[in-house]
$ cat model_22.csv   # CSV, C-alpha atoms and all ligand atoms
chain,number,residue,atom,x,y,z
A,1,MET,CA,18.4,34.2,-6.7
A,2,ALA,CA,15.5,32.4,-8.3
A,3,PHE,CA,14.5,29.1,-6.5
A,4,ASP,CA,16.9,29.7,-3.6
A,5,PHE,CA,14.6,27.6,-1.5
A,6,ILE,CA,15.9,24.4,-3.2
A,7,THR,CA,19.4,24.5,-1.7
A,8,GLU,CA,18.1,25.9,1.6
A,9,GLN,CA,15.5,23.2,2.0
A,10,LEU,CA,18.0,20.5,1.2
A,11,LYS,CA,20.4,21.8,3.7
A,12,ASN,CA,17.6,21.9,6.3
A,13,GLN,CA,16.6,18.3,5.5
A,14,ARG,CA,20.2,17.2,6.2
A,15,SER,CA,20.5,19.1,9.5
A,16,LEU,CA,17.2,17.4,10.6
A,17,PHE,CA,18.5,13.9,9.6
A,18,ARG,CA,15.6,13.8,7.1
A,19,TYR,CA,17.6,13.9,3.9
A,20,ARG,CA,16.4,11.2,1.5
A,21,GLU,CA,18.5,9.4,-1.1
A,22,ARG,CA,17.8,6.5,-3.4
A,23,VAL,CA,19.9,3.4,-3.3
A,24,CYS,CA,20.3,1.4,-6.5
A,25,ILE,CA,19.1,-2.2,-5.7
A,26,LYS,CA,20.0,-5.2,-7.7
A,27,THR,CA,17.1,-7.6,-6.9
A,28,ASN,CA,18.2,-11.0,-6.4
A,29,ASN,CA,16.0,-13.1,-8.7
A,30,ARG,CA,16.8,-16.4,-7.0
A,31,SER,CA,13.7,-18.4,-6.1
A,32,SER,CA,13.1,-21.4,-3.9
A,33,THR,CA,10.2,-23.9,-3.4
A,34,ASP,CA,7.8,-23.7,-0.5
A,35,ASN,CA,4.5,-25.6,-0.2
A,36,ASN,CA,5.1,-27.0,-3.7
A,37,ASP,CA,5.1,-23.5,-5.1
A,38,THR,CA,7.7,-21.1,-6.2
A,39,THR,CA,8.7,-18.1,-4.0
A,40,SER,CA,11.3,-15.4,-4.5
A,41,GLU,CA,14.2,-15.1,-2.1
A,42,PRO,CA,14.1,-12.0,0.1
A,43,TYR,CA,17.6,-10.7,-0.7
A,44,ILE,CA,18.8,-7.6,-2.4
A,45,ASP,CA,22.2,-6.6,-3.5
A,46,VAL,CA,23.4,-3.0,-2.8
A,47,ALA,CA,26.8,-1.8,-3.9
A,48,GLY,CA,28.1,-5.4,-4.2
A,49,LYS,CA,26.8,-6.6,-0.8
A,50,GLN,CA,23.9,-8.9,-0.2
A,51,TYR,CA,21.2,-8.0,2.4
A,52,LEU,CA,18.3,-9.8,3.8
A,53,ASN,CA,15.4,-7.5,2.9
A,54,PHE,CA,12.8,-6.6,5.6
A,55,SER,CA,11.6,-3.4,3.8
A,56,SER,CA,9.9,-4.9,0.7
A,57,ASN,CA,6.1,-4.7,0.0
A,58,ASP,CA,6.3,-8.0,-1.9
A,59,TYR,CA,4.3,-9.4,1.0
A,60,LEU,CA,3.4,-12.7,-0.6
A,61,GLY,CA,6.9,-13.3,-2.2
A,62,LEU,CA,5.4,-13.3,-5.7
A,63,ASN,CA,7.9,-11.1,-7.5
A,64,HIS,CA,9.7,-13.3,-10.1
A,65,HIS,CA,7.0,-15.9,-9.9
A,66,PRO,CA,7.4,-18.0,-13.1
A,67,ASN,CA,3.7,-18.1,-13.9
A,68,ILE,CA,3.4,-14.3,-13.6
A,69,ASN,CA,6.5,-13.8,-15.7
A,70,GLN,CA,5.1,-16.2,-18.3
A,71,ALA,CA,1.8,-14.3,-18.3
A,72,MET,CA,3.8,-11.1,-18.9
A,73,GLN,CA,5.5,-12.6,-21.9
A,74,GLU,CA,2.2,-14.0,-23.2
A,75,GLY,CA,0.6,-10.5,-22.7
A,76,ILE,CA,3.4,-8.9,-24.7
A,77,ASP,CA,2.9,-11.4,-27.5
A,78,LYS,CA,-0.9,-11.1,-27.5
A,79,PHE,CA,-1.6,-7.5,-26.6
A,80,GLY,CA,1.6,-5.6,-26.7
A,81,LEU,CA,3.7,-3.9,-24.0
A,82,SER,CA,2.2,-0.5,-24.5
A,83,ALA,CA,-1.5,0.5,-24.6
A,84,SER,CA,-0.4,3.2,-27.0
A,85,SER,CA,-3.2,5.6,-26.0
A,86,SER,CA,-5.5,6.6,-23.1
A,87,SER,CA,-8.4,4.3,-22.3
A,88,LEU,CA,-11.0,6.6,-23.9
A,89,ILE,CA,-9.2,6.8,-27.2
A,90,THR,CA,-8.0,3.3,-28.2
A,91,GLY,CA,-6.0,2.2,-25.1
A,92,PHE,CA,-8.6,0.0,-23.4
A,93,ASN,CA,-8.3,-3.6,-24.6
A,94,TYR,CA,-9.2,-7.2,-23.9
A,95,ALA,CA,-6.4,-7.6,-21.3
A,96,HIS,CA,-7.7,-4.7,-19.2
A,97,GLN,CA,-11.3,-5.9,-19.5
A,98,ALA,CA,-10.3,-9.4,-18.4
A,99,LEU,CA,-8.4,-8.0,-15.4
A,100,GLU,CA,-11.3,-5.8,-14.4
A,101,GLU,CA,-13.6,-8.8,-14.5
A,102,VAL,CA,-11.3,-10.9,-12.2
A,103,ILE,CA,-11.1,-8.0,-9.7
A,104,CYS,CA,-14.9,-7.5,-9.7
A,105,GLN,CA,-15.4,-11.2,-9.0
A,106,TRP,CA,-12.7,-11.3,-6.4
A,107,LEU,CA,-14.0,-8.3,-4.4
A,108,ASN,CA,-17.7,-8.9,-5.3
A,109,LYS,CA,-18.0,-5.4,-6.8
A,110,PRO,CA,-20.0,-4.6,-9.9
A,111,ASN,CA,-17.4,-2.5,-11.6
A,112,CYS,CA,-13.7,-1.6,-11.6
A,113,LEU,CA,-11.3,0.8,-13.3
A,114,LEU,CA,-7.6,0.5,-13.8
A,115,PHE,CA,-5.0,3.3,-13.1
A,116,SER,CA,-1.3,3.5,-13.7
A,117,SER,CA,-0.6,3.9,-10.0
A,118,GLY,CA,-2.3,3.9,-6.6
A,119,PHE,CA,-1.3,7.5,-6.2
A,120,SER,CA,-3.2,8.6,-9.4
A,121,ALA,CA,-6.2,6.4,-8.5
A,122,ASN,CA,-6.6,8.1,-5.1
A,123,MET,CA,-6.0,11.6,-6.6
A,124,ALA,CA,-8.5,10.9,-9.4
A,125,ALA,CA,-11.3,9.6,-7.1
A,126,PHE,CA,-11.1,12.4,-4.5
A,127,GLN,CA,-10.8,15.2,-7.1
A,128,ALA,CA,-13.7,13.8,-9.1
A,129,LEU,CA,-15.9,13.2,-6.0
A,130,GLY,CA,-15.1,16.6,-4.4
A,131,GLN,CA,-16.4,18.5,-7.4
A,132,ASP,CA,-18.1,21.2,-5.3
A,133,GLN,CA,-18.7,22.4,-1.7
A,134,SER,CA,-21.7,20.2,-1.2
A,135,THR,CA,-19.2,17.4,-0.4
A,136,ASN,CA,-17.4,16.8,2.9
A,137,PHE,CA,-14.5,14.3,3.1
A,138,PHE,CA,-13.6,12.8,6.5
A,139,LEU,CA,-10.2,11.2,6.4
A,140,ASP,CA,-8.3,9.2,9.0
A,141,LYS,CA,-5.4,11.3,10.2
A,142,LEU,CA,-2.9,8.7,8.9
A,143,SER,CA,-4.4,8.5,5.4
A,144,HIS,CA,-1.9,8.1,2.6
A,145,ALA,CA,-0.5,11.3,1.0
A,146,SER,CA,-2.3,10.6,-2.3
A,147,MET,CA,-5.7,10.6,-0.6
A,148,LEU,CA,-4.9,13.8,1.2
A,149,ASP,CA,-3.6,15.4,-1.9
A,150,GLY,CA,-6.6,14.4,-3.9
A,151,ALA,CA,-9.0,15.6,-1.2
A,152,TYR,CA,-7.2,19.0,-0.8
A,153,ALA,CA,-7.0,19.4,-4.6
A,154,SER,CA,-10.8,19.0,-4.8
A,155,LYS,CA,-13.5,21.6,-3.9
A,156,ALA,CA,-14.8,19.6,-1.0
A,157,THR,CA,-14.4,20.5,2.7
A,158,VAL,CA,-11.8,18.2,4.2
A,159,LYS,CA,-11.9,17.1,7.8
A,160,ARG,CA,-9.4,14.7,9.4
A,161,PHE,CA,-10.3,12.5,12.4
A,162,ALA,CA,-7.7,11.2,14.9
A,163,HIS,CA,-6.3,7.9,13.9
A,164,ASN,CA,-8.9,5.1,14.2
A,165,ASP,CA,-10.8,7.3,16.6
A,166,LEU,CA,-14.5,6.6,15.8
A,167,THR,CA,-15.7,8.9,18.6
A,168,HIS,CA,-13.9,11.8,17.1
A,169,LEU,CA,-15.2,10.9,13.6
A,170,SER,CA,-18.7,10.7,15.0
A,171,GLN,CA,-18.4,14.1,16.6
A,172,LEU,CA,-17.2,15.7,13.4
A,173,MET,CA,-20.0,14.0,11.4
A,174,LYS,CA,-22.7,15.2,13.9
A,175,LYS,CA,-21.8,18.8,13.2
A,176,ASN,CA,-22.1,18.4,9.5
A,177,THR,CA,-24.8,19.5,7.1
A,178,ALA,CA,-23.3,18.9,3.7
A,179,GLN,CA,-25.2,16.8,1.2
A,180,ASN,CA,-22.5,14.4,0.2
A,181,LEU,CA,-20.4,12.7,2.9
A,182,LEU,CA,-17.5,10.4,2.4
A,183,ILE,CA,-15.4,8.6,5.1
A,184,ALA,CA,-12.0,7.5,4.0
A,185,SER,CA,-9.5,5.2,5.6
A,186,GLU,CA,-6.7,2.8,4.8
A,187,GLY,CA,-7.7,-0.9,5.4
A,188,VAL,CA,-4.2,-1.7,6.8
A,189,PHE,CA,-2.3,1.5,7.6
A,190,SER,CA,0.9,1.7,5.6
A,191,MET,CA,3.3,2.9,8.3
A,192,ASP,CA,1.7,1.5,11.4
A,193,GLY,CA,0.4,-1.8,10.1
A,194,ASP,CA,-2.7,-1.7,12.2
A,195,GLN,CA,-6.2,-2.2,10.7
A,196,ALA,CA,-9.1,0.2,10.4
A,197,LYS,CA,-12.1,-0.5,12.6
A,198,LEU,CA,-14.0,-1.6,9.5
A,199,LEU,CA,-17.3,-2.7,11.1
A,200,ALA,CA,-17.6,0.5,13.1
A,201,LEU,CA,-16.7,2.6,10.0
A,202,ALA,CA,-19.4,0.8,8.0
A,203,GLN,CA,-22.0,1.3,10.7
A,204,LEU,CA,-21.2,5.0,11.1
A,205,SER,CA,-21.3,5.6,7.4
A,206,LYS,CA,-24.6,3.9,7.2
A,207,LYS,CA,-26.0,5.9,10.1
A,208,HIS,CA,-25.0,9.2,8.4
A,209,ASN,CA,-25.8,8.1,4.9
A,210,ALA,CA,-22.1,8.6,4.0
A,211,TRP,CA,-20.0,6.7,1.5
A,212,LEU,CA,-17.1,4.6,2.7
A,213,TYR,CA,-13.8,4.7,0.8
A,214,LEU,CA,-11.1,2.2,1.6
A,215,ASP,CA,-7.5,2.4,0.4
A,216,ASP,CA,-6.6,-1.3,0.6
A,217,ALA,CA,-3.1,-1.1,-0.7
A,218,HIS,CA,-1.7,-3.0,2.2
A,219,SER,CA,-4.6,-5.4,2.8
A,220,VAL,CA,-5.2,-6.8,-0.6
A,221,GLY,CA,-3.5,-10.2,-1.0
A,222,VAL,CA,-2.8,-10.4,2.7
A,223,ILE,CA,-6.1,-10.2,4.5
A,224,GLY,CA,-9.1,-12.5,3.8
A,225,GLU,CA,-9.5,-16.1,2.8
A,226,LYS,CA,-8.9,-15.3,-0.8
A,227,GLY,CA,-6.8,-12.3,-0.1
A,228,GLN,CA,-9.6,-10.0,-1.0
A,229,GLY,CA,-8.6,-7.5,1.7
A,230,SER,CA,-11.2,-5.5,3.6
A,231,ALA,CA,-13.9,-6.8,1.2
A,232,SER,CA,-13.7,-10.0,3.1
A,233,LYS,CA,-15.1,-8.2,6.2
A,234,ILE,CA,-17.4,-5.4,5.0
A,235,ALA,CA,-18.7,-3.9,1.8
A,236,SER,CA,-17.3,-0.4,1.1
A,237,ASN,CA,-18.7,1.9,-1.6
A,238,ILE,CA,-15.2,2.3,-3.1
A,239,THR,CA,-12.1,0.2,-2.8
A,240,MET,CA,-8.8,1.3,-4.1
A,241,ALA,CA,-5.7,-1.0,-4.1
A,242,THR,CA,-2.4,-1.0,-5.9
A,243,PHE,CA,-0.8,-3.8,-7.8
A,244,GLY,CA,2.7,-2.8,-6.7
A,245,LYS,CA,2.7,-4.5,-3.3
A,246,ALA,CA,1.3,-8.0,-2.6
A,247,ILE,CA,0.2,-8.4,-6.2
A,248,ALA,CA,3.8,-7.9,-7.3
A,249,THR,CA,3.2,-6.0,-10.6
A,250,SER,CA,2.4,-2.3,-11.0
A,251,GLY,CA,-0.7,-0.1,-11.4
A,252,ALA,CA,-3.9,0.1,-9.3
A,253,PHE,CA,-7.7,-0.2,-9.4
A,254,LEU,CA,-10.8,1.5,-8.1
A,255,ALA,CA,-13.7,-0.9,-7.5
A,256,CYS,CA,-17.2,0.7,-7.2
A,257,ASP,CA,-20.8,0.6,-8.5
A,258,ALA,CA,-21.8,1.2,-12.1
A,259,PRO,CA,-22.9,4.9,-11.8
A,260,LEU,CA,-19.6,5.9,-10.1
A,261,HIS,CA,-17.6,3.9,-12.6
A,262,ASP,CA,-19.3,5.7,-15.5
A,263,TYR,CA,-18.9,9.1,-13.7
A,264,LEU,CA,-15.1,8.4,-13.2
A,265,ILE,CA,-14.7,7.5,-16.9
A,266,ASN,CA,-16.3,10.8,-17.7
A,267,PHE,CA,-14.8,13.1,-15.1
A,268,ALA,CA,-11.6,11.5,-13.5
A,269,ARG,CA,-8.8,13.5,-15.0
A,270,HIS,CA,-6.1,11.0,-14.1
A,271,TYR,CA,-8.0,8.4,-16.0
A,272,ILE,CA,-9.0,10.4,-19.0
A,273,TYR,CA,-5.7,12.2,-19.7
A,274,SER,CA,-3.3,9.4,-19.1
A,275,THR,CA,-2.1,6.4,-21.2
A,276,ALA,CA,-3.8,3.2,-20.1
A,277,ILE,CA,-1.6,0.7,-18.1
A,278,SER,CA,0.4,-1.7,-20.2
A,279,PRO,CA,-1.9,-4.5,-21.5
A,280,ALA,CA,0.9,-7.1,-20.9
A,281,LEU,CA,1.1,-5.9,-17.3
A,282,ALA,CA,-2.7,-6.2,-16.9
A,283,TRP,CA,-2.4,-9.8,-18.2
A,284,ALA,CA,0.4,-10.6,-15.7
A,285,THR,CA,-1.6,-8.9,-12.9
A,286,LYS,CA,-4.6,-11.1,-13.7
A,287,ARG,CA,-2.5,-14.1,-13.4
A,288,SER,CA,-1.1,-12.9,-10.1
A,289,ILE,CA,-4.6,-12.3,-8.6
A,290,GLU,CA,-5.6,-15.8,-9.7
A,291,LEU,CA,-2.5,-17.2,-7.9
A,292,ILE,CA,-3.2,-15.1,-4.8
A,293,GLN,CA,-6.7,-16.4,-4.4
A,294,GLN,CA,-5.4,-20.0,-4.2
A,295,ALA,CA,-2.3,-19.3,-2.1
A,296,GLN,CA,-3.6,-19.3,1.4
A,297,TRP,CA,-0.3,-20.8,2.6
A,298,ARG,CA,1.4,-17.5,1.9
A,299,ARG,CA,-1.1,-15.6,4.1
A,300,ASP,CA,-0.8,-18.3,6.8
A,301,LYS,CA,3.0,-18.0,6.6
A,302,ILE,CA,2.9,-14.2,7.2
A,303,SER,CA,0.7,-14.8,10.3
A,304,GLU,CA,3.0,-17.5,11.6
A,305,LEU,CA,6.2,-15.4,11.1
A,306,THR,CA,4.8,-12.2,12.5
A,307,HIS,CA,3.7,-14.1,15.6
A,308,LEU,CA,7.2,-15.6,15.9
A,309,LEU,CA,8.8,-12.2,15.6
A,310,THR,CA,6.7,-10.6,18.3
A,311,GLU,CA,7.4,-13.6,20.6
A,312,LEU,CA,11.1,-13.2,20.0
A,313,LEU,CA,11.4,-9.5,20.4
A,314,ASP,CA,12.4,-8.0,23.8
A,315,PRO,CA,9.2,-6.8,25.5
A,316,LYS,CA,10.9,-3.5,26.0
A,317,ILE,CA,10.8,-2.8,22.3
A,318,ASN,CA,8.1,-0.4,21.3
A,319,ILE,CA,6.3,-2.3,18.5
A,320,ILE,CA,2.8,-1.4,17.2
A,321,ALA,CA,0.6,-4.4,17.6
A,322,SER,CA,-0.7,-5.6,14.3
A,323,GLN,CA,-2.2,-8.6,12.5
A,324,SER,CA,-0.8,-7.5,9.2
A,325,ALA,CA,2.6,-8.0,7.4
A,326,ILE,CA,3.7,-4.6,8.7
A,327,GLN,CA,5.4,-4.6,12.1
A,328,SER,CA,6.5,-1.0,13.0
A,329,ILE,CA,9.1,-0.5,15.7
A,330,ILE,CA,9.0,3.1,17.0
A,331,VAL,CA,12.4,4.6,17.8
A,332,GLY,CA,11.4,8.3,18.0
A,333,ASP,CA,14.4,10.3,17.0
A,334,GLU,CA,15.5,10.6,13.4
A,335,LYS,CA,19.2,10.3,14.1
A,336,LYS,CA,18.9,7.3,16.3
A,337,THR,CA,16.6,5.5,13.8
A,338,ILE,CA,19.2,6.0,11.1
A,339,GLN,CA,22.0,4.8,13.4
A,340,ILE,CA,20.1,1.6,14.2
A,341,SER,CA,19.3,1.0,10.5
A,342,GLU,CA,23.0,1.4,9.7
A,343,THR,CA,24.0,-1.0,12.5
A,344,LEU,CA,21.6,-3.6,11.1
A,345,LYS,CA,23.0,-3.1,7.6
A,346,LYS,CA,26.4,-4.0,8.9
A,347,GLN,CA,24.9,-7.3,10.0
A,348,GLY,CA,23.4,-7.9,6.6
A,349,LEU,CA,19.8,-6.8,7.3
A,350,TRP,CA,18.0,-4.1,5.2
A,351,LEU,CA,15.5,-2.1,7.2
A,352,THR,CA,14.9,1.5,5.9
A,353,ALA,CA,14.6,4.2,8.5
A,354,ILE,CA,11.2,5.9,8.1
A,355,ARG,CA,11.2,9.5,9.2
A,356,PRO,CA,9.1,12.7,9.1
A,357,PRO,CA,7.2,13.8,7.1
A,358,THR,CA,6.3,10.3,6.1
A,359,VAL,CA,5.5,9.7,9.8
A,360,ALA,CA,4.8,12.2,12.6
A,361,VAL,CA,7.7,14.0,14.3
A,362,GLY,CA,9.0,12.0,17.2
A,363,SER,CA,7.8,8.7,15.7
A,364,SER,CA,10.6,7.8,13.4
A,365,ARG,CA,10.7,4.0,13.0
A,366,LEU,CA,11.9,0.8,11.5
A,367,ARG,CA,9.1,-0.5,9.5
A,368,VAL,CA,9.5,-4.3,9.3
A,369,THR,CA,7.6,-6.2,6.6
A,370,VAL,CA,7.3,-9.9,7.3
A,371,CYS,CA,6.8,-11.6,4.0
A,372,ALA,CA,5.8,-15.1,2.9
A,373,ASN,CA,9.2,-15.7,1.5
A,374,HIS,CA,11.0,-15.2,4.9
A,375,ASN,CA,11.7,-18.2,7.0
A,376,HIS,CA,12.1,-19.0,10.7
A,377,LYS,CA,15.8,-18.7,10.7
A,378,GLN,CA,15.7,-15.3,9.1
A,379,ILE,CA,13.1,-14.1,11.6
A,380,ASN,CA,15.3,-15.4,14.4
A,381,GLN,CA,18.3,-13.5,13.0
A,382,LEU,CA,16.2,-10.3,12.7
A,383,ALA,CA,14.9,-10.5,16.3
A,384,SER,CA,18.3,-11.2,17.7
A,385,CYS,CA,19.9,-8.2,15.9
A,386,LEU,CA,17.0,-5.9,16.8
A,387,ASN,CA,17.2,-7.0,20.5
A,388,LYS,CA,20.8,-6.0,20.5
A,389,ALA,CA,20.6,-2.9,18.5
A,390,LEU,CA,17.7,-1.5,20.5
A,391,ASP,CA,19.1,-2.5,23.9
B,1,LIG,C1,-1.8,3.3,1.4
B,1,LIG,C2,-1.2,3.6,0.1
B,1,LIG,N1,-2.0,4.1,-0.9
B,1,LIG,C3,-1.5,4.4,-2.1
B,1,LIG,C4,-0.2,4.2,-2.4
B,1,LIG,C5,0.3,4.5,-3.8
B,1,LIG,O1,0.3,3.4,-4.6
B,1,LIG,P1,1.3,3.3,-5.8
B,1,LIG,O2,2.6,2.9,-5.3
B,1,LIG,O3,0.7,2.2,-6.7
B,1,LIG,O4,1.3,4.6,-6.5
B,1,LIG,C6,0.6,3.6,-1.5
B,1,LIG,C7,2.1,3.3,-1.7
B,1,LIG,O5,2.8,3.5,-2.5
B,1,LIG,C8,0.1,3.4,-0.2
B,1,LIG,O6,0.9,2.9,0.8
$ encode --input "model_22.csv" --output "structure tokens"
Amino acid sequence: MAFDFITEQLKNQRSLFRYRERVCIKTNNRSSTDNNDTTSEPYIDVAGKQYLNFSSNDYLGLNHHPNINQAMQEGIDKFGLSASSSSLITGFNYAHQALEEVICQWLNKPNCLLFSSGFSANMAAFQALGQDQSTNFFLDKLSHASMLDGAYASKATVKRFAHNDLTHLSQLMKKNTAQNLLIASEGVFSMDGDQAKLLALAQLSKKHNAWLYLDDAHSVGVIGEKGQGSASKIASNITMATFGKAIATSGAFLACDAPLHDYLINFARHYIYSTAISPALAWATKRSIELIQQAQWRRDKISELTHLLTELLDPKINIIASQSAIQSIIVGDEKKTIQISETLKKQGLWLTAIRPPTVAVGSSRLRVTVCANHNHKQINQLASCLNKALD
């Protein structure tokens, strides 16, 4: 029968404990006050039960922030909810331009381009840059699916270096004779939470006259004195970040120099053939970035709470050391990871089990995100439940 593989592959997923399902979440829109500012409460309702959420990417607790909601409403009134066209037709408007300017100032980059998602921004950039075989991409092994898909969809040669292994990267680069070289990495790795070796990557790219591409999806908002992510440490050639995590809206940007910006406008298919992001959303995103730059207390709180969590966890627990909001606990086996996640749910804690192919086989995990809207009591509760569940 046609498309037989569909039922077969679903059956296979189930037997491997890798079957994925959505759960319908009712977000709790209660907020509280912290540091004289408003912060959302980290609870979700699923099937009538309330859970303390440790799987959200709302790292700074900005979702539901009244100023961002107000900017959204203002944006709707001033510019409309829909761009009604792609950016190159009549979809690019004042709200988009104002957001691009704020991002350029924040990251100290000359130009910036908005996309409807981080996935499309990465796809667009890699496809457009890998226009022929004179280009070689070097990607960290743990790079996000969208970078890999974009790289493999391009005509460039793709090489992957072992995670954060600069010696391996250096060996791969030495053998290389292509004209255009690009090293790509995440700033903070989405599933491990560790950081790229930014200074070493910058040095190596300089040595080989290669460009450096950083996917800062999990760094922006969280790292740097103004939350500017990796840009607080080094200057990359291209920075991509999404709005759907710490910035608490939706969409993404690519920040780069003027020639690349103009090239992407002319050749990036995901930019050209797609409706521009909602102008109201762009306006709300601008407001969020302005708040983020001032809200150092949110970044400090994440550091304080992650420190507390690692202190409280049993030293036997296999946690990946990280300075970011992402604290990954490796369990290994898919079935066991699901069981622990279910045990925690019964205790009112939401921690999604992350399994292959999102992570390597044998490294299924509980990916804890510690956010600025958590408090000491909640971290204590999490640590005590994890210590028991992983005993
Ligand atoms: C590292 C990384 N890059 C890109 C993306 C895609 O961004 P978006 O959700 O905006 O499509 C994600 C996550 O979703 C991510 O974790």
$ residues_near_ligand --input "model_22.csv" --ligand "ligand LIG 1 (chain B)" --cutoff "10 Å" --atoms "all atoms listed in the file" --output "PyMOL selection string"
chain A and resi 57+115-123+142-147+185-191+214-219+240-245+249-253
$ residues_around --input "model_22.csv" --residues "stretch 29-32 of chain A" --least-positions-apart "2" --cutoff "9 Å" --atoms "only C-alpha atoms" --output "list in words"
Lys26, Thr27, Asp34, Asp37, Thr38, Thr39, Ser40, Glu41, Pro42, Tyr43, Ile44, Asn63, His64, His65 and Asn373 of chain A
$ atom_distance --input "model_22.csv" --atom1 "atom CA of A:Tyr19" --atom2 "atom CA of A:Ile340"
16.2 Å
$ closest_residue --input "model_22.csv" --among "A:Val220, A:Ala83, A:Ala184, A:Ala196" --to "A:Asp165" --atoms "all atoms listed in the file"
A:Ala196
$ residues_near_point --input "model_22.csv" --point "(13.9, 2.5, 14.1)" --cutoff "7 Å" --atoms "all atoms listed in the file" --output "list of chain:residue names"
A:Ile329, A:Ile330, A:Val331, A:Thr337, A:Ile340, A:Ser341, A:Ala353, A:Ser364, A:Arg365, A:Leu366
$ closest_residue --input "model_22.csv" --among "A:Asn36, A:Gln203, A:Asn12, A:Thr369" --to "A:Ser170" --atoms "only C-alpha atoms"
A:Gln203
$ residues_around --input "model_22.csv" --residues "A:Ala128" --least-positions-apart "3" --cutoff "8 Å" --atoms "all atoms listed in the file" --output "count of residues only"
8
$ atom_distance --input "model_22.csv" --atom1 "atom CA of A:Gln133" --atom2 "atom CA of A:Ala178"
7.9 Å
$ closest_residue --input "model_22.csv" --among "A:Gly227, A:Gly193, A:Pro357, A:Gly75" --to "A:Leu291" --atoms "all atoms listed in the file"
A:Gly227
$ atom_distance --input "model_22.csv" --atom1 "atom CA of A:Ala284" --atom2 "atom CA of A:Cys112"
17.2 Å
$ residues_near_point --input "model_22.csv" --point "(-10.4, 3.2, -25.6)" --cutoff "12 Å" --atoms "only C-alpha atoms" --output "number ranges by chain"
A: 83-94, 96-97, 265, 271-277
$ closest_residue --input "model_22.csv" --among "A:His168, A:His374, A:Arg355, A:Lys388" --to "A:Arg18" --atoms "all atoms listed in the file"
A:Arg355
$ residues_around --input "model_22.csv" --residues "A:Asn237" --least-positions-apart "4" --cutoff "7 Å" --atoms "only C-alpha atoms" --output "list in words"
Trp211, Leu212, Tyr213 and Cys256 of chain A
$ closest_residue --input "model_22.csv" --among "A:Gln293, A:Ser303, A:Ser278, A:Thr7" --to "A:Ile247" --atoms "all atoms listed in the file"
A:Gln293
$ closest_residue --input "model_22.csv" --among "A:Ile103, A:Leu166, A:Ala71, A:Cys24" --to "A:Ala255" --atoms "only C-alpha atoms"
A:Ile103
$ residues_around --input "model_22.csv" --residues "A:Tyr59" --least-positions-apart "3" --cutoff "9 Å" --atoms "all atoms listed in the file" --output "compact mmCIF listing (two decimals) with C-alpha atoms, keeping the file's coordinate frame"
# COMPACT_ATOMS: atom_id res chain seq x y z
CA SER A 56 9.90 -4.90 0.70
CA LEU A 62 5.40 -13.30 -5.70
CA HIS A 218 -1.70 -3.00 2.20
CA GLY A 221 -3.50 -10.20 -1.00
CA VAL A 222 -2.80 -10.40 2.70
CA LYS A 245 2.70 -4.50 -3.30
CA ALA A 246 1.30 -8.00 -2.60
CA ILE A 247 0.20 -8.40 -6.20
CA ALA A 248 3.80 -7.90 -7.30
CA ARG A 298 1.40 -17.50 1.90
CA ARG A 299 -1.10 -15.60 4.10
CA ILE A 302 2.90 -14.20 7.20
CA ALA A 325 2.60 -8.00 7.40
CA THR A 369 7.60 -6.20 6.60
CA VAL A 370 7.30 -9.90 7.30
CA CYS A 371 6.80 -11.60 4.00
CA ALA A 372 5.80 -15.10 2.90
CA ASN A 373 9.20 -15.70 1.50
$ decode --input "model_22.csv" --residues "stretch 179-188 of chain A" --atoms "N, CA and C atoms" --output "mmCIF file, in the first residue's frame"
data_model
loop_
_atom_site.group_PDB
_atom_site.id
_atom_site.type_symbol
_atom_site.label_atom_id
_atom_site.label_comp_id
_atom_site.auth_asym_id
_atom_site.auth_seq_id
_atom_site.Cartn_x
_atom_site.Cartn_y
_atom_site.Cartn_z
ATOM 1 N N GLN A 179 37.239 27.978 -0.869
ATOM 2 C CA GLN A 179 37.438 29.430 -0.819
ATOM 3 C C GLN A 179 36.666 30.082 0.340
ATOM 4 N N ASN A 180 35.442 29.591 0.581
ATOM 5 C CA ASN A 180 34.582 30.220 1.594
ATOM 6 C C ASN A 180 34.346 29.260 2.754
ATOM 7 N N LEU A 181 34.825 29.655 3.916
ATOM 8 C CA LEU A 181 34.704 28.764 5.074
ATOM 9 C C LEU A 181 33.804 29.408 6.126
ATOM 10 N N LEU A 182 32.973 28.578 6.737
ATOM 11 C CA LEU A 182 32.110 29.099 7.794
ATOM 12 C C LEU A 182 32.046 28.093 8.940
ATOM 13 N N ILE A 183 32.353 28.580 10.136
ATOM 14 C CA ILE A 183 32.246 27.745 11.343
ATOM 15 C C ILE A 183 30.924 28.099 12.009
ATOM 16 N N ALA A 184 30.171 27.068 12.398
ATOM 17 C CA ALA A 184 28.871 27.346 13.021
ATOM 18 C C ALA A 184 28.726 26.602 14.339
ATOM 19 N N SER A 185 28.137 27.287 15.302
ATOM 20 C CA SER A 185 27.932 26.681 16.619
ATOM 21 C C SER A 185 26.740 27.359 17.293
ATOM 22 N N GLU A 186 26.204 26.700 18.288
ATOM 23 C CA GLU A 186 25.235 27.390 19.138
ATOM 24 C C GLU A 186 26.030 28.138 20.207
ATOM 25 N N GLY A 187 25.509 29.236 20.699
ATOM 26 C CA GLY A 187 26.173 29.974 21.776
ATOM 27 C C GLY A 187 26.048 29.200 23.071
ATOM 28 N N VAL A 188 24.795 28.889 23.450
ATOM 29 C CA VAL A 188 24.500 27.952 24.549
ATOM 30 C C VAL A 188 23.774 26.786 23.881
#
